[in-house]
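> I have a structure here, written as structure tokens, and I will follow up with some questions on it.
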Protein chains: 2
Amino acid sequence: MTPNTGVAWLTGEEDAAWRGWIEATQRIAAAIEHDLRNDSGLTFDDYEVLVTLSEADGRAQRMSELAMSTVQSASRLSQRIDRLADRGLVERRPCEEDKRGWFAVLTDEGLASLAAAAPGHVESVRRNLFDHLSPDDVVTLAEMMPRLASSFHAARAHADD
Amino acid sequence: MTPNTGVAWLTGEEDAAWRGWIEATQRIAAAIEHDLRNDSGLTFDDYEVLVTLSEADGRAQRMSELAMSTVQSASRLSQRIDRLADRGLVERRPCEEDKRGWFAVLTDEGLASLAAAAPGHVESVRRNLFDHLSPDDVVTLAEMMPRLASSFHAARAHADD
């Protein structure tokens, strides 16, 4: 029993990349969440839901699609939509074709809250991320990060086969 | 009152980088956490605490330093250490010089749990991140991510002035 035989441990360069990835992604997410809560009373996941709905046809999206596009479990998203509905920022609307299905819909008040939060949020994203990146870094990330995200879309498509 | 005047909205390239950043970092963290819980019963934050202690002098670190190095609030870290202590993986030890201070110490059982979890965790990190990166991508991230993380160290140093 030599369980560690054959393990492809991280190289020095990979280890630096991975430790840096963990710390940078956690600190940036925490700082931006902190700013957003202070400025607008929204969590980062709330904000993502509002943005996604604001860009959807009729400002509405099926709950199941919204969970996938915002990387949230169906149960957590459902609780989040309840809280946003309590504040008047979204509404639940039954799906006409599918009696078990529900849509989340962005209200006018939700759109106004998003519009009010956006300038401060963008400033926070700049201060915590883009102010520390060169133009070349941005080009690199604009190619690399969507590619990394898309590897999960491929995995999901295979799982659905 | 035109609150959006003067806002430096994200450029197309920045927007792609930021949306990709959010999705990639969230999906990778969720996938690695899922694998770690399934394989070893540890959360990602548990694993980070055990790694940090395993690399510290005498496998011990002050609670306040451990909170900073693992990007956790003092209260959340304290609850986590309680749960890890219940499982025999860490111990709390009072600090001899400072009567209000406490150390967290990795036990032999904690070190054994970490050693048992590590091969599967490294495999998960490769499958979810490094398998989708070229050698050049790794060099780029090994420079960029620690630099982004260090911008928060500088901010903390100023806040302590």
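Identifiers in this document derive from the order of the structure tokens: chains are assigned A, B, ..., residues are numbered from 1 separately in each chain, and ligands are numbered from 1 in order of occurrence.
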Leaving out range 102-119 of chain A and any residue of its chain fewer than 3 positions from it, which residues lie within 9 Å of it when counting only C-alpha atoms, given as a PyMOL selection string?
(chain A and resi 36+39-40+42+47+50-51+53-54+58-64+66+81+84+87-96+98-99+122-124) or (chain B and resi 3-4+7-9)
> What does chain B look like once superposed on chain A, all Cα atoms paired in sequence order, least squares? Give it as an mmCIF file with C-alpha atoms, in the first residue's frame.

data_model
loop_
_atom_site.group_PDB
_atom_site.id
_atom_site.type_symbol
_atom_site.label_atom_id
_atom_site.label_comp_id
_atom_site.auth_asym_id
_atom_site.auth_seq_id
_atom_site.Cartn_x
_atom_site.Cartn_y
_atom_site.Cartn_z
ATOM 1 C CA MET B 1 -0.058 -0.132 -0.217
ATOM 2 C CA THR B 2 1.779 3.003 -1.284
ATOM 3 C CA PRO B 3 -1.149 5.303 -2.021
ATOM 4 C CA ASN B 4 0.978 8.268 -3.097
ATOM 5 C CA THR B 5 2.797 6.399 -5.861
ATOM 6 C CA GLY B 6 1.870 7.697 -9.270
ATOM 7 C CA VAL B 7 0.317 10.933 -8.013
ATOM 8 C CA ALA B 8 1.095 13.799 -10.391
ATOM 9 C CA TRP B 9 1.865 16.332 -7.642
ATOM 10 C CA LEU B 10 1.847 19.983 -8.716
ATOM 11 C CA THR B 11 5.114 21.401 -10.084
ATOM 12 C CA GLY B 12 6.580 24.509 -8.443
ATOM 13 C CA GLU B 13 5.037 26.705 -11.144
ATOM 14 C CA GLU B 14 1.631 25.005 -10.854
ATOM 15 C CA ASP B 15 1.741 25.277 -7.077
ATOM 16 C CA ALA B 16 2.428 29.036 -7.296
ATOM 17 C CA ALA B 17 -0.403 29.431 -9.835
ATOM 18 C CA TRP B 18 -2.836 27.424 -7.698
ATOM 19 C CA ARG B 19 -2.030 29.095 -4.364
ATOM 20 C CA GLY B 20 -2.220 32.492 -6.069
ATOM 21 C CA TRP B 21 -5.504 31.509 -7.730
ATOM 22 C CA ILE B 22 -7.063 30.513 -4.396
ATOM 23 C CA GLU B 23 -5.975 33.628 -2.548
ATOM 24 C CA ALA B 24 -6.651 36.143 -5.342
ATOM 25 C CA THR B 25 -10.069 34.751 -6.242
ATOM 26 C CA GLN B 26 -11.151 34.542 -2.584
ATOM 27 C CA ARG B 27 -9.899 38.018 -1.639
ATOM 28 C CA ILE B 28 -11.342 39.679 -4.743
ATOM 29 C CA ALA B 29 -14.740 37.984 -4.275
ATOM 30 C CA ALA B 30 -14.806 38.944 -0.564
ATOM 31 C CA ALA B 31 -13.848 42.579 -1.218
ATOM 32 C CA ILE B 32 -16.398 43.029 -3.996
ATOM 33 C CA GLU B 33 -19.132 41.340 -1.931
ATOM 34 C CA HIS B 34 -18.286 43.592 1.040
ATOM 35 C CA ASP B 35 -18.534 46.749 -1.094
ATOM 36 C CA LEU B 36 -21.786 45.642 -2.734
ATOM 37 C CA ARG B 37 -23.489 44.824 0.595
ATOM 38 C CA ASN B 38 -22.379 48.126 2.098
ATOM 39 C CA ASP B 39 -23.404 50.228 -0.894
ATOM 40 C CA SER B 40 -26.625 48.559 -1.993
ATOM 41 C CA GLY B 41 -27.659 45.841 0.495
ATOM 42 C CA LEU B 42 -27.292 43.208 -2.244
ATOM 43 C CA THR B 43 -25.125 40.104 -2.067
ATOM 44 C CA PHE B 44 -22.979 39.248 -5.057
ATOM 45 C CA ASP B 45 -25.305 36.342 -5.902
ATOM 46 C CA ASP B 46 -28.321 38.702 -5.680
ATOM 47 C CA TYR B 47 -26.589 41.071 -8.081
ATOM 48 C CA GLU B 48 -25.833 38.245 -10.528
ATOM 49 C CA VAL B 49 -29.491 37.197 -10.535
ATOM 50 C CA LEU B 50 -30.666 40.767 -11.209
ATOM 51 C CA VAL B 51 -28.111 41.241 -14.032
ATOM 52 C CA THR B 52 -29.047 37.926 -15.642
ATOM 53 C CA LEU B 53 -32.770 38.768 -15.546
ATOM 54 C CA SER B 54 -32.162 42.313 -16.838
ATOM 55 C CA GLU B 55 -30.525 40.821 -19.946
ATOM 56 C CA ALA B 56 -33.168 38.111 -20.553
ATOM 57 C CA ASP B 57 -36.109 38.417 -22.982
ATOM 58 C CA GLY B 58 -38.971 40.107 -21.164
ATOM 59 C CA ARG B 59 -36.667 40.378 -18.111
ATOM 60 C CA ALA B 60 -37.782 36.809 -17.252
ATOM 61 C CA GLN B 61 -36.041 33.458 -17.023
ATOM 62 C CA ARG B 62 -37.087 29.964 -16.027
ATOM 63 C CA MET B 63 -35.913 29.163 -12.512
ATOM 64 C CA SER B 64 -34.063 26.055 -13.751
ATOM 65 C CA GLU B 65 -32.129 28.067 -16.372
ATOM 66 C CA LEU B 66 -31.418 30.861 -13.916
ATOM 67 C CA ALA B 67 -29.886 28.341 -11.476
ATOM 68 C CA MET B 68 -27.570 27.041 -14.209
ATOM 69 C CA SER B 69 -26.525 30.439 -15.557
ATOM 70 C CA THR B 70 -25.780 31.845 -12.096
ATOM 71 C CA VAL B 71 -24.026 28.693 -10.759
ATOM 72 C CA GLN B 72 -26.454 28.210 -7.828
ATOM 73 C CA SER B 73 -28.261 25.098 -6.673
ATOM 74 C CA ALA B 74 -32.022 25.084 -7.320
ATOM 75 C CA SER B 75 -32.781 25.182 -3.579
ATOM 76 C CA ARG B 76 -30.432 28.071 -2.806
ATOM 77 C CA LEU B 77 -31.721 30.018 -5.812
ATOM 78 C CA SER B 78 -35.318 29.469 -4.692
ATOM 79 C CA GLN B 79 -34.552 30.944 -1.247
ATOM 80 C CA ARG B 80 -32.748 33.864 -2.874
ATOM 81 C CA ILE B 81 -35.712 34.585 -5.184
ATOM 82 C CA ASP B 82 -38.028 34.529 -2.127
ATOM 83 C CA ARG B 83 -35.892 37.173 -0.413
ATOM 84 C CA LEU B 84 -35.646 39.313 -3.555
ATOM 85 C CA ALA B 85 -39.438 38.980 -4.016
ATOM 86 C CA ASP B 86 -40.020 40.099 -0.398
ATOM 87 C CA ARG B 87 -38.108 43.271 -1.288
ATOM 88 C CA GLY B 88 -40.152 43.748 -4.484
ATOM 89 C CA LEU B 89 -37.146 43.286 -6.778
ATOM 90 C CA VAL B 90 -38.381 40.157 -8.588
ATOM 91 C CA GLU B 91 -41.685 38.302 -9.024
ATOM 92 C CA ARG B 92 -42.429 34.629 -9.546
ATOM 93 C CA ARG B 93 -44.732 33.924 -12.501
ATOM 94 C CA PRO B 94 -46.117 30.491 -13.412
ATOM 95 C CA CYS B 95 -45.091 29.120 -16.793
ATOM 96 C CA GLU B 96 -48.062 28.901 -19.163
ATOM 97 C CA GLU B 97 -46.895 25.883 -21.184
ATOM 98 C CA ASP B 98 -45.527 23.873 -18.262
ATOM 99 C CA LYS B 99 -47.683 23.828 -15.132
ATOM 100 C CA ARG B 100 -44.785 22.743 -12.895
ATOM 101 C CA GLY B 101 -42.490 25.460 -14.213
ATOM 102 C CA TRP B 102 -41.916 28.945 -12.800
ATOM 103 C CA PHE B 103 -40.279 32.061 -14.150
ATOM 104 C CA ALA B 104 -38.451 34.698 -12.146
ATOM 105 C CA VAL B 105 -39.194 38.186 -13.499
ATOM 106 C CA LEU B 106 -37.285 41.401 -12.777
ATOM 107 C CA THR B 107 -39.669 44.149 -11.593
ATOM 108 C CA ASP B 108 -39.287 47.867 -12.392
ATOM 109 C CA GLU B 109 -38.106 48.306 -8.809
ATOM 110 C CA GLY B 110 -35.537 45.531 -9.323
ATOM 111 C CA LEU B 111 -34.259 47.227 -12.472
ATOM 112 C CA ALA B 112 -34.016 50.532 -10.594
ATOM 113 C CA SER B 113 -32.078 48.860 -7.743
ATOM 114 C CA LEU B 114 -29.693 47.306 -10.235
ATOM 115 C CA ALA B 115 -29.169 50.639 -12.001
ATOM 116 C CA ALA B 116 -28.494 52.322 -8.650
ATOM 117 C CA ALA B 117 -26.000 49.616 -7.568
ATOM 118 C CA ALA B 118 -24.144 49.287 -10.874
ATOM 119 C CA PRO B 119 -21.865 52.390 -10.816
ATOM 120 C CA GLY B 120 -20.487 51.601 -7.349
ATOM 121 C CA HIS B 121 -20.124 47.925 -8.226
ATOM 122 C CA VAL B 122 -18.175 48.649 -11.417
ATOM 123 C CA GLU B 123 -15.933 50.997 -9.453
ATOM 124 C CA SER B 124 -15.323 48.199 -6.919
ATOM 125 C CA VAL B 125 -14.514 45.673 -9.683
ATOM 126 C CA ARG B 126 -12.004 48.163 -11.146
ATOM 127 C CA ARG B 127 -10.402 48.915 -7.780
ATOM 128 C CA ASN B 128 -10.124 45.247 -6.732
ATOM 129 C CA LEU B 129 -9.228 43.680 -10.089
ATOM 130 C CA PHE B 130 -8.694 45.794 -13.208
ATOM 131 C CA ASP B 131 -6.575 48.508 -11.576
ATOM 132 C CA HIS B 132 -3.972 45.769 -10.935
ATOM 133 C CA LEU B 133 -3.976 44.403 -14.493
ATOM 134 C CA SER B 134 -2.187 45.583 -17.629
ATOM 135 C CA PRO B 135 -4.083 45.753 -20.958
ATOM 136 C CA ASP B 136 -2.271 42.526 -21.971
ATOM 137 C CA ASP B 137 -3.424 40.824 -18.758
ATOM 138 C CA VAL B 138 -7.033 41.733 -19.631
ATOM 139 C CA VAL B 139 -6.684 40.257 -23.135
ATOM 140 C CA THR B 140 -5.240 37.079 -21.582
ATOM 141 C CA LEU B 141 -8.055 36.734 -19.025
ATOM 142 C CA ALA B 142 -10.748 37.533 -21.616
ATOM 143 C CA GLU B 143 -9.568 34.466 -23.537
ATOM 144 C CA MET B 144 -8.574 32.139 -20.674
ATOM 145 C CA MET B 145 -11.444 32.529 -18.207
ATOM 146 C CA PRO B 146 -14.339 31.899 -20.636
ATOM 147 C CA ARG B 147 -12.384 28.873 -21.946
ATOM 148 C CA LEU B 148 -12.036 27.472 -18.397
ATOM 149 C CA ALA B 149 -15.737 28.108 -17.728
ATOM 150 C CA SER B 150 -16.735 26.400 -20.991
ATOM 151 C CA SER B 151 -15.018 23.161 -19.963
ATOM 152 C CA PHE B 152 -17.891 22.762 -17.490
ATOM 153 C CA HIS B 153 -20.500 23.325 -20.208
ATOM 154 C CA ALA B 154 -18.979 20.465 -22.202
ATOM 155 C CA ALA B 155 -19.018 18.249 -19.089
ATOM 156 C CA ARG B 156 -22.684 19.076 -18.523
ATOM 157 C CA ALA B 157 -23.569 18.300 -22.146
ATOM 158 C CA HIS B 158 -21.931 14.861 -21.789
ATOM 159 C CA ALA B 159 -23.732 14.236 -18.498
ATOM 160 C CA ASP B 160 -27.047 14.956 -20.255
ATOM 161 C CA ASP B 161 -26.349 12.404 -23.029
#
> From the DSSP assignment of the backbone, select every residue of range 66-157 of chain B that is strand (DSSP E), and format the answer as a list in words.
Val90, Glu91, Arg92, Arg93, Pro94, Trp102, Phe103, Ala104, Val105 and Leu106 of chain B
> Go through range 90-152 of chain A and collect every residue that DSSP, computed from the backbone, puts in alpha helix (DSSP H); the answer should be as a ChimeraX atom specification.
/A:108-128,135-152
